[in-house]
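File shown: coords-v5.cif. Contents: mmCIF, C-alpha atoms.
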```
data_data
loop_
_atom_site.group_PDB
_atom_site.id
_atom_site.type_symbol
_atom_site.label_atom_id
_atom_site.label_comp_id
_atom_site.auth_asym_id
_atom_site.auth_seq_id
_atom_site.Cartn_x
_atom_site.Cartn_y
_atom_site.Cartn_z
ATOM 1 C CA MET N 22 55.478 -39.726 -25.525
ATOM 2 C CA LYS N 23 56.345 -42.236 -22.822
ATOM 3 C CA ALA N 24 57.965 -39.518 -20.737
ATOM 4 C CA GLN N 25 54.852 -37.347 -21.020
ATOM 5 C CA LEU N 26 52.582 -40.198 -19.966
ATOM 6 C CA LYS N 27 54.913 -40.974 -17.086
ATOM 7 C CA ASN N 28 54.837 -37.351 -15.907
ATOM 8 C CA PHE N 29 51.045 -37.293 -16.217
ATOM 9 C CA GLY N 30 50.876 -40.425 -14.083
ATOM 10 C CA TYR N 31 53.064 -38.818 -11.430
ATOM 11 C CA ALA N 32 50.905 -35.671 -11.488
ATOM 12 C CA ALA N 33 47.706 -37.714 -11.225
ATOM 13 C CA LEU N 34 49.088 -39.615 -8.235
ATOM 14 C CA ILE N 35 50.253 -36.446 -6.469
ATOM 15 C CA GLY N 36 47.033 -34.550 -7.223
ATOM 16 C CA THR N 37 44.881 -37.451 -6.015
ATOM 17 C CA LEU N 38 46.885 -37.750 -2.795
ATOM 18 C CA ALA N 39 46.605 -34.007 -2.121
ATOM 19 C CA ALA N 40 42.866 -34.132 -2.838
ATOM 20 C CA PHE N 41 42.503 -36.984 -0.345
ATOM 21 C CA PHE N 42 44.439 -35.019 2.275
ATOM 22 C CA ALA N 43 42.051 -32.093 1.713
ATOM 23 C CA THR N 44 39.210 -34.263 2.981
ATOM 24 C CA LYS N 45 41.094 -35.936 5.866
ATOM 25 C CA LEU N 46 44.380 -34.216 6.824
ATOM 26 C CA LEU N 47 44.064 -30.517 6.109
ATOM 27 C CA PHE N 48 47.389 -29.586 7.748
ATOM 28 C CA ILE N 49 49.427 -31.468 5.114
ATOM 29 C CA VAL N 50 47.418 -30.888 1.929
ATOM 30 C CA ALA N 51 50.430 -29.036 0.521
ATOM 31 C CA LEU N 52 52.966 -31.744 1.412
ATOM 32 C CA PRO N 53 52.663 -34.060 -1.648
ATOM 33 C CA LEU N 54 52.515 -31.012 -3.932
ATOM 34 C CA ILE N 55 55.687 -29.536 -2.426
ATOM 35 C CA VAL N 56 57.527 -32.861 -2.591
ATOM 36 C CA GLY N 57 56.409 -33.384 -6.206
ATOM 37 C CA ARG N 58 57.635 -29.906 -7.130
ATOM 38 C CA LYS N 59 60.997 -30.467 -5.484
ATOM 39 C CA ILE N 60 61.614 -33.822 -7.163
ATOM 40 C CA LEU N 61 59.844 -33.512 -10.530
ATOM 41 C CA GLY N 62 59.682 -29.787 -11.235
ATOM 42 C CA ARG N 63 57.285 -26.883 -11.645
ATOM 43 C CA GLN N 64 55.144 -28.353 -14.446
ATOM 44 C CA ILE N 65 54.276 -31.398 -12.359
ATOM 45 C CA LEU N 66 53.194 -29.126 -9.496
ATOM 46 C CA TYR N 67 50.703 -27.150 -11.559
ATOM 47 C CA LEU N 68 49.402 -30.223 -13.362
ATOM 48 C CA SER N 69 48.911 -31.938 -9.998
ATOM 49 C CA ILE N 70 46.957 -28.933 -8.721
ATOM 50 C CA LEU N 71 44.738 -28.992 -11.797
ATOM 51 C CA ILE N 72 44.045 -32.716 -11.435
ATOM 52 C CA GLY N 73 43.421 -32.531 -7.678
ATOM 53 C CA ALA N 74 41.060 -29.569 -8.039
ATOM 54 C CA SER N 75 39.155 -31.339 -10.837
ATOM 55 C CA ILE N 76 38.718 -34.468 -8.706
ATOM 56 C CA LEU N 77 37.297 -32.485 -5.787
ATOM 57 C CA TRP N 78 35.107 -30.330 -8.046
ATOM 58 C CA VAL N 79 33.400 -33.471 -9.356
ATOM 59 C CA THR N 80 33.353 -35.705 -6.281
ATOM 60 C CA ALA N 81 33.297 -33.599 -3.090
ATOM 61 C CA PRO N 82 31.517 -30.654 -1.448
ATOM 62 C CA VAL N 83 32.883 -27.255 -2.401
ATOM 63 C CA TYR N 84 34.495 -26.597 0.991
ATOM 64 C CA PHE N 85 36.925 -29.466 0.389
ATOM 65 C CA LEU N 86 37.906 -27.796 -2.873
ATOM 66 C CA MET N 87 38.528 -24.578 -0.929
ATOM 67 C CA VAL N 88 40.764 -26.415 1.538
ATOM 68 C CA PHE N 89 42.660 -27.940 -1.389
ATOM 69 C CA LEU N 90 43.180 -24.557 -3.057
ATOM 70 C CA VAL N 91 44.549 -23.089 0.174
ATOM 71 C CA GLY N 92 46.997 -25.995 0.443
ATOM 72 C CA ALA N 93 47.937 -25.638 -3.211
ATOM 73 C CA SER N 94 48.606 -21.932 -2.703
ATOM 74 C CA LEU N 95 50.880 -22.776 0.212
ATOM 75 C CA ALA N 96 52.795 -25.257 -1.958
ATOM 76 C CA VAL N 97 53.236 -22.661 -4.703
ATOM 77 C CA VAL N 98 54.410 -19.905 -2.350
ATOM 78 C CA LEU N 99 56.879 -22.107 -0.446
ATOM 79 C CA THR N 100 58.426 -23.687 -3.535
ATOM 80 C CA GLU N 101 58.590 -20.492 -5.583
ATOM 81 C CA GLY N 102 60.033 -18.673 -2.576
ATOM 82 C CA GLU N 103 62.766 -21.293 -2.395
ATOM 83 C CA SER N 104 63.467 -21.061 -6.111
ATOM 84 C CA ALA N 105 63.705 -17.271 -5.911
ATOM 85 C CA GLN N 106 65.974 -17.608 -2.842
ATOM 86 C CA LEU N 107 63.841 -15.209 -0.819
ATOM 87 C CA GLY N 108 64.928 -16.733 2.473
ATOM 88 C CA TYR N 109 62.849 -18.728 4.906
ATOM 89 C CA ALA N 110 61.501 -15.845 7.006
ATOM 90 C CA THR N 111 60.415 -13.804 3.972
ATOM 91 C CA THR N 112 58.799 -16.793 2.282
ATOM 92 C CA VAL N 113 56.878 -17.754 5.423
ATOM 93 C CA LEU N 114 55.651 -14.171 5.825
ATOM 94 C CA VAL N 115 54.429 -14.116 2.221
ATOM 95 C CA ALA N 116 52.770 -17.520 2.694
ATOM 96 C CA VAL N 117 50.909 -16.394 5.822
ATOM 97 C CA ILE N 118 49.708 -13.196 4.118
ATOM 98 C CA VAL N 119 48.586 -15.020 0.956
ATOM 99 C CA LEU N 120 46.815 -17.806 2.843
ATOM 100 C CA SER N 121 45.113 -15.385 5.233
ATOM 101 C CA GLY N 122 43.826 -13.335 2.309
ATOM 102 C CA LEU N 123 42.661 -16.457 0.506
ATOM 103 C CA VAL N 124 40.808 -17.765 3.569
ATOM 104 C CA PHE N 125 39.116 -14.391 4.020
ATOM 105 C CA LEU N 126 38.152 -14.275 0.326
ATOM 106 C CA MET N 127 36.738 -17.797 0.359
ATOM 107 C CA GLY N 128 34.858 -17.125 3.588
ATOM 108 C CA SER N 129 33.332 -14.001 2.048
ATOM 109 C CA MET N 130 32.304 -15.985 -1.032
ATOM 110 C CA ALA N 131 30.700 -18.650 1.150
ATOM 111 C CA VAL N 132 28.713 -16.002 3.014
ATOM 112 C CA GLN N 133 27.669 -14.263 -0.196
ATOM 113 C CA PHE N 134 26.793 -17.205 -2.432
ATOM 114 C CA TRP N 135 26.028 -20.116 -0.088
ATOM 115 C CA LYS N 136 24.537 -18.192 2.864
ATOM 116 C CA PHE N 137 27.227 -19.580 5.139
ATOM 117 C CA SER N 138 27.048 -18.236 8.719
ATOM 118 C CA PRO N 139 30.541 -18.191 10.280
ATOM 119 C CA VAL N 140 29.203 -17.360 13.749
ATOM 120 C CA ALA N 141 26.705 -20.231 13.765
ATOM 121 C CA TYR N 142 29.293 -22.631 12.353
ATOM 122 C CA PHE N 143 31.950 -21.846 14.948
ATOM 123 C CA GLN N 144 29.400 -21.846 17.768
ATOM 124 C CA GLU N 145 28.455 -25.359 16.723
ATOM 125 C CA GLN N 146 32.099 -26.467 16.478
ATOM 126 C CA ILE N 147 32.960 -24.991 19.886
ATOM 127 C CA ALA N 148 29.954 -26.666 21.503
ATOM 128 C CA LEU N 149 30.909 -29.977 19.869
ATOM 129 C CA ALA N 150 34.523 -29.698 21.035
ATOM 130 C CA LEU N 151 33.546 -28.812 24.605
ATOM 131 C CA SER N 152 31.126 -31.727 24.726
ATOM 132 C CA GLN N 153 34.078 -34.065 24.177
ATOM 133 C CA VAL N 154 36.031 -32.617 27.122
ATOM 134 C CA LYS N 155 35.140 -33.273 30.750
ATOM 135 C CA LEU N 156 36.235 -30.369 32.961
ATOM 136 C CA PRO N 157 35.550 -29.632 36.654
ATOM 137 C CA PRO N 158 32.741 -27.091 37.217
ATOM 138 C CA GLU N 159 35.231 -24.446 38.398
ATOM 139 C CA MET N 160 37.092 -24.722 35.060
ATOM 140 C CA ALA N 161 34.065 -24.163 32.843
ATOM 141 C CA LEU N 162 34.996 -22.395 29.602
ATOM 142 C CA ASP N 163 33.136 -19.371 28.277
ATOM 143 C CA LYS N 164 31.831 -20.251 24.799
ATOM 144 C CA GLU N 165 31.431 -16.600 23.837
ATOM 145 C CA ALA N 166 35.024 -15.865 24.847
ATOM 146 C CA LEU N 167 36.235 -18.781 22.720
ATOM 147 C CA LEU N 168 34.138 -17.581 19.783
ATOM 148 C CA LYS N 169 35.789 -14.152 19.923
ATOM 149 C CA GLN N 170 39.213 -15.825 19.649
ATOM 150 C CA VAL N 171 38.379 -17.677 16.417
ATOM 151 C CA PRO N 172 40.320 -15.134 14.245
ATOM 152 C CA SER N 173 43.549 -15.928 16.063
ATOM 153 C CA LEU N 174 42.746 -19.659 15.914
ATOM 154 C CA ILE N 175 42.481 -19.444 12.114
ATOM 155 C CA MET N 176 45.800 -17.583 11.932
ATOM 156 C CA MET N 177 47.429 -20.139 14.220
ATOM 157 C CA VAL N 178 46.216 -22.995 12.012
ATOM 158 C CA ILE N 179 47.687 -21.231 8.978
ATOM 159 C CA ILE N 180 51.020 -20.586 10.724
ATOM 160 C CA PHE N 181 51.215 -24.167 12.001
ATOM 161 C CA SER N 182 50.460 -25.534 8.513
ATOM 162 C CA VAL N 183 53.216 -23.400 6.970
ATOM 163 C CA TRP N 184 55.705 -24.550 9.596
ATOM 164 C CA LEU N 185 54.718 -28.229 9.436
ATOM 165 C CA ASN N 186 54.927 -28.474 5.646
ATOM 166 C CA SER N 187 58.223 -26.587 5.443
ATOM 167 C CA ILE N 188 59.695 -28.978 8.030
ATOM 168 C CA LEU N 189 58.318 -32.236 6.592
ATOM 169 C CA ALA N 190 58.901 -31.605 2.880
ATOM 170 C CA PRO N 191 62.736 -31.773 2.885
ATOM 171 C CA ARG N 192 62.596 -34.949 4.968
ATOM 172 C CA MET N 193 60.156 -36.558 2.544
ATOM 173 C CA VAL N 194 62.373 -35.584 -0.396
ATOM 174 C CA LYS N 195 65.370 -37.148 1.311
ATOM 175 C CA LEU N 196 63.368 -40.287 2.141
ATOM 176 C CA ILE N 197 62.241 -40.717 -1.475
ATOM 177 C CA THR N 198 65.395 -39.696 -3.359
ATOM 178 C CA GLY N 199 68.088 -40.493 -0.829
ATOM 179 C CA HIS N 200 69.465 -36.948 -0.821
ATOM 180 C CA GLN N 201 68.306 -33.555 0.390
ATOM 181 C CA LYS N 202 68.804 -31.472 -2.749
ATOM 182 C CA ALA N 203 66.147 -31.428 -5.435
ATOM 183 C CA GLN N 204 64.906 -29.041 -8.100
ATOM 184 C CA GLY N 205 64.961 -25.475 -6.855
ATOM 185 C CA GLN N 206 66.697 -23.996 -3.826
ATOM 186 C CA ASN N 207 66.092 -25.811 -0.555
ATOM 187 C CA PHE N 208 65.852 -24.019 2.754
ATOM 188 C CA LEU N 209 68.883 -25.012 4.767
ATOM 189 C CA SER N 210 68.366 -26.602 8.162
ATOM 190 C CA SER N 211 70.807 -24.059 9.585
ATOM 191 C CA GLU N 212 68.512 -21.260 8.387
ATOM 192 C CA LEU N 213 65.574 -22.840 10.211
ATOM 193 C CA LEU N 214 67.661 -23.214 13.370
ATOM 194 C CA ARG N 215 68.670 -19.523 13.271
ATOM 195 C CA TRP N 216 65.107 -18.267 12.773
ATOM 196 C CA LYS N 217 63.993 -15.565 15.181
ATOM 197 C CA LEU N 218 61.473 -12.754 15.310
ATOM 198 C CA PRO N 219 62.676 -9.166 14.793
ATOM 199 C CA ASP N 220 63.758 -7.476 18.032
ATOM 200 C CA SER N 221 61.152 -4.751 17.547
ATOM 201 C CA PHE N 222 58.412 -7.412 17.613
ATOM 202 C CA VAL N 223 58.747 -7.423 21.400
ATOM 203 C CA TRP N 224 56.800 -4.156 21.629
ATOM 204 C CA LEU N 225 53.817 -5.711 19.892
ATOM 205 C CA ALA N 226 54.136 -8.705 22.218
ATOM 206 C CA LEU N 227 54.232 -6.537 25.340
ATOM 207 C CA GLY N 228 51.316 -4.390 24.172
ATOM 208 C CA ALA N 229 49.183 -7.437 23.341
ATOM 209 C CA THR N 230 50.051 -9.058 26.677
ATOM 210 C CA ALA N 231 49.068 -5.926 28.581
ATOM 211 C CA GLY N 232 45.802 -5.632 26.663
ATOM 212 C CA HIS N 233 45.027 -9.311 27.278
ATOM 213 C CA PHE N 234 45.598 -9.389 31.039
ATOM 214 C CA LEU N 235 44.574 -5.860 32.029
ATOM 215 C CA GLU N 236 41.132 -4.279 31.955
ATOM 216 C CA VAL N 237 40.910 -2.545 28.593
ATOM 217 C CA SER N 238 38.053 -0.672 26.964
ATOM 218 C CA PRO N 239 36.384 -0.591 24.539
ATOM 219 C CA GLU N 240 35.657 -4.319 24.391
ATOM 220 C CA TRP N 241 36.715 -4.739 20.762
ATOM 221 C CA LEU N 242 40.220 -3.522 21.687
ATOM 222 C CA LYS N 243 40.366 -6.052 24.514
ATOM 223 C CA TRP N 244 39.559 -8.940 22.168
ATOM 224 C CA THR N 245 41.894 -7.621 19.489
ATOM 225 C CA CYS N 246 44.723 -7.712 22.039
ATOM 226 C CA THR N 247 43.704 -11.227 23.085
ATOM 227 C CA ASN N 248 43.795 -12.489 19.499
ATOM 228 C CA VAL N 249 47.165 -10.849 18.867
ATOM 229 C CA PHE N 250 48.455 -12.294 22.143
ATOM 230 C CA ASN N 251 47.504 -15.832 21.045
ATOM 231 C CA ILE N 252 49.388 -15.402 17.758
ATOM 232 C CA VAL N 253 52.400 -13.852 19.506
ATOM 233 C CA VAL N 254 52.638 -16.804 21.914
ATOM 234 C CA MET N 255 52.648 -19.234 18.999
ATOM 235 C CA LEU N 256 55.342 -17.304 17.122
ATOM 236 C CA TYR N 257 57.564 -17.187 20.186
ATOM 237 C CA PHE N 258 56.894 -20.901 20.658
ATOM 238 C CA PHE N 259 58.456 -21.579 17.256
ATOM 239 C CA GLN N 260 61.428 -19.391 18.152
ATOM 240 C CA GLY N 261 61.812 -21.326 21.399
ATOM 241 C CA LEU N 262 61.513 -24.580 19.468
ATOM 242 C CA ALA N 263 64.348 -23.434 17.190
ATOM 243 C CA VAL N 264 66.451 -22.880 20.327
ATOM 244 C CA VAL N 265 65.617 -26.380 21.568
ATOM 245 C CA VAL N 266 66.401 -28.022 18.225
ATOM 246 C CA SER N 267 69.648 -26.053 18.002
ATOM 247 C CA HIS N 268 70.582 -27.504 21.394
ATOM 248 C CA PHE N 269 69.718 -30.996 20.129
ATOM 249 C CA GLU N 270 72.024 -30.481 17.149
ATOM 250 C CA SER N 271 74.931 -29.205 19.234
ATOM 251 C CA ARG N 272 74.548 -32.071 21.730
ATOM 252 C CA LYS N 273 73.998 -34.726 19.041
ATOM 253 C CA ILE N 274 70.861 -35.988 20.768
ATOM 254 C CA GLY N 275 69.460 -39.129 19.148
ATOM 255 C CA GLY N 276 66.135 -39.554 17.389
ATOM 256 C CA PHE N 277 64.428 -41.512 20.186
ATOM 257 C CA TRP N 278 65.064 -38.874 22.844
ATOM 258 C CA ARG N 279 64.178 -36.090 20.429
ATOM 259 C CA GLY N 280 60.853 -37.725 19.665
ATOM 260 C CA LEU N 281 60.093 -38.152 23.362
ATOM 261 C CA ILE N 282 60.954 -34.524 24.128
ATOM 262 C CA TYR N 283 58.921 -33.260 21.148
ATOM 263 C CA ILE N 284 55.871 -35.110 22.494
ATOM 264 C CA LEU N 285 56.354 -33.452 25.887
ATOM 265 C CA ILE N 286 56.850 -30.041 24.267
ATOM 266 C CA PHE N 287 53.686 -30.170 22.175
ATOM 267 C CA THR N 288 51.523 -31.703 24.906
ATOM 268 C CA GLN N 289 52.850 -30.265 28.197
ATOM 269 C CA LEU N 290 55.503 -27.601 27.654
ATOM 270 C CA PHE N 291 54.024 -25.352 24.945
ATOM 271 C CA LEU N 292 53.928 -22.210 27.102
ATOM 272 C CA GLY N 293 57.357 -22.909 28.607
ATOM 273 C CA VAL N 294 58.945 -23.153 25.158
ATOM 274 C CA ALA N 295 57.162 -19.920 24.127
ATOM 275 C CA ILE N 296 58.691 -18.175 27.171
ATOM 276 C CA LEU N 297 62.086 -19.598 26.164
ATOM 277 C CA GLY N 298 61.642 -18.061 22.712
ATOM 278 C CA PHE N 299 60.725 -14.707 24.281
ATOM 279 C CA LEU N 300 63.797 -14.774 26.542
ATOM 280 C CA ASP N 301 66.006 -15.592 23.551
ATOM 281 C CA LEU N 302 65.670 -11.913 22.579
ATOM 282 C CA TRP N 303 67.782 -10.876 25.598
ATOM 283 C CA PHE N 304 69.901 -13.940 26.291
ATOM 284 C CA GLY N 305 70.663 -15.074 22.718
ATOM 285 C CA PHE N 306 70.916 -18.753 23.652
ATOM 286 C CA ARG N 307 72.048 -19.858 20.188
ATOM 287 C CA ASP N 308 74.686 -17.101 19.976
ATOM 288 C CA ARG N 309 76.018 -18.204 23.343
ATOM 289 C CA LYS N 310 76.502 -21.754 22.067
ATOM 290 C CA ASN N 311 78.414 -20.456 19.046
ATOM 291 C CA GLN N 312 80.627 -18.299 21.285
ATOM 292 C CA ASP N 313 81.308 -21.278 23.558
ATOM 293 C CA LYS N 314 82.330 -23.359 20.552
ATOM 294 C CA SER N 315 84.654 -20.594 19.350
ATOM 295 C CA ALA N 316 86.222 -20.321 22.808
ATOM 296 C CA VAL N 317 86.860 -24.072 22.923
ATOM 297 C CA ALA N 318 88.326 -24.040 19.421
#
```

Could you quickly redo this structure as structure tokens?
Amino acid sequence: MKAQLKNFGYAALIGTLAAFFATKLLFIVALPLIVGRKILGRQILYLSILIGASILWVTAPVYFLMVFLVGASLAVVLTEGESAQLGYATTVLVAVIVLSGLVFLMGSMAVQFWKFSPVAYFQEQIALALSQVKLPPEMALDKEALLKQVPSLIMMVIIFSVWLNSILAPRMVKLITGHQKAQGQNFLSSELLRWKLPDSFVWLALGATAGHFLEVSPEWLKWTCTNVFNIVVMLYFFQGLAVVVSHFESRKIGGFWRGLIYILIFTQLFLGVAILGFLDLWFGFRDRKNQDKSAVA
């Protein structure tokens, strides 16, 4: 009985924390759920989801509940993918597909039942964001052009959330328990460092780049290429980041310098790292390091 009450207390704490994140920190809603699953097991995960959803159902607007359910779905897919040993790339792909479908379903429900207008909402958000940024007149941004890129923005948020939670969760587990391994199979850091897009993906990247920068008609094809281009750049950014982190590991670069470089990467060097990831297809920077090590040995 005591053990059951203790587990319920853990689940209540985790579910409450995830519910709070749903209202404040949407990128890491899944984080406490994933960590709870890794340390305490599958039952705690689903009980935490039930408690968190109940709290938001009673106390918050319905869109916070939707955010929570998306985060909970991410936690389930990532942890079950680990347990089934699907591999990091496969699990991430499944997570992106599931979350994209869920976002589309919830958006459709909001339009149908609550008369939600996505166009009006995003127009308002874009106008609000631009009002906070002071740009020279010659750098004025086209609000309509930004609105047409919202689909890729949603996908990029999903992809970033998947990446961020999969990176932070093992570190949180290690911080709490003192060791990396927990219930279920953990993605190995070496697997994350080796991650790369399929070679054939380059054709999609080149096609999207051409459609984005060249004059293309009809207009819907032009904006489709632009949205795909945005997603492609982000995916190659993560491949480039894996190259950078692999270099950090091989050079034994300390935490302070890593943190400083990460800040520069995310604030100033995003496109440069994406180009690095694209060039990795031909130059194989990580393979070169391994060959150099073998030659030295």

Subject >> Explicit residues for the PyMOL selection byres ((chain N and resi 242-246) around 12) (as a PyMOL selection string) >> reply: chain N and resi 165-173+225-241+247-253

Original post:
For Ala190 of chain N, which residue out of N:Leu126, N:Ala51, N:Met255, N:Leu61 is the nearest one, using only C-alpha atoms?
Top reply: N:Ala51

Determine the residue set returned by the PyMOL selection byres ((chain N and resi 69) around 8) for the present structure, and present it as a CSV table (one decimal) with C-alpha atoms, in the frame of the given file.
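Just written: selection_9.csv:
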```csv
chain,number,residue,atom,x,y,z
N,32,ALA,CA,50.9,-35.7,-11.5
N,33,ALA,CA,47.7,-37.7,-11.2
N,34,LEU,CA,49.1,-39.6,-8.2
N,35,ILE,CA,50.3,-36.4,-6.5
N,36,GLY,CA,47.0,-34.6,-7.2
N,37,THR,CA,44.9,-37.5,-6.0
N,54,LEU,CA,52.5,-31.0,-3.9
N,65,ILE,CA,54.3,-31.4,-12.4
N,66,LEU,CA,53.2,-29.1,-9.5
N,67,TYR,CA,50.7,-27.2,-11.6
N,68,LEU,CA,49.4,-30.2,-13.4
N,70,ILE,CA,47.0,-28.9,-8.7
N,71,LEU,CA,44.7,-29.0,-11.8
N,72,ILE,CA,44.0,-32.7,-11.4
N,73,GLY,CA,43.4,-32.5,-7.7
```

Original post:
What does the PyMOL selection byres ((chain N and resi 44-49) around 8) select in this file, as a PyMOL selection string?
Top reply: chain N and resi 40-43+50-53+85+88+92+178+181-182+185-186

Centre and size of axis-aligned box enclosing segment 229-248 of chain N plus 8 Å each side, as JSON:
```
{"center_x": 42.9, "center_y": -6.5, "center_z": 25.8, "size_x": 30.4, "size_y": 27.9, "size_z": 28.5}
```

Original post:
Any idea what the distance is between atom CA of Ser129 of chain N and atom CA of Thr112 of chain N?
Top reply: 25.6 Å

**OP:** Quick one: pull the distance between atom CA of Leu214 of chain N and atom CA of Val91 of chain N, Å, one decimal.
**Re:**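 Going from atom CA of Leu214 of chain N over to atom CA of Val91 of chain N, I get 26.6 Å.
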
Original post:
Which is closest to Gly122 of chain N among N:Met176, N:Val265, N:Ile274, N:Ile188, if we use all atoms listed in the file?
Top reply: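 Selected residue with least distance to Gly122 of chain N: N:Met176.
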
Subject >> Computed interatomic separation between atom CA of Ala150 of chain N and atom CA of Val83 of chain N (Å) >> reply: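 Result for atom CA of Ala150 of chain N versus atom CA of Val83 of chain N: 23.6 Å, one decimal.
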
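Among the candidate residues N:Leu285, N:Leu77, N:Leu290, N:Val266, the one lying nearest to Phe306 of chain N is N:Val266, with distances computed using only C-alpha atoms.
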
Original post:
When distances are computed from only C-alpha atoms, which of N:Pro82, N:Val183, N:Phe143, N:Val254 shows the smallest separation from Lys164 of chain N?
Top reply: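 Comparing N:Pro82, N:Val183, N:Phe143, N:Val254 against Lys164 of chain N, the winner is N:Phe143.
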
**OP:** Kindly indicate which residue among N:Ile175, N:Leu297, N:Ala96, N:Leu302 lies nearest to Trp224 of chain N, using only C-alpha atoms for the distances.
**Re:** N:Leu302
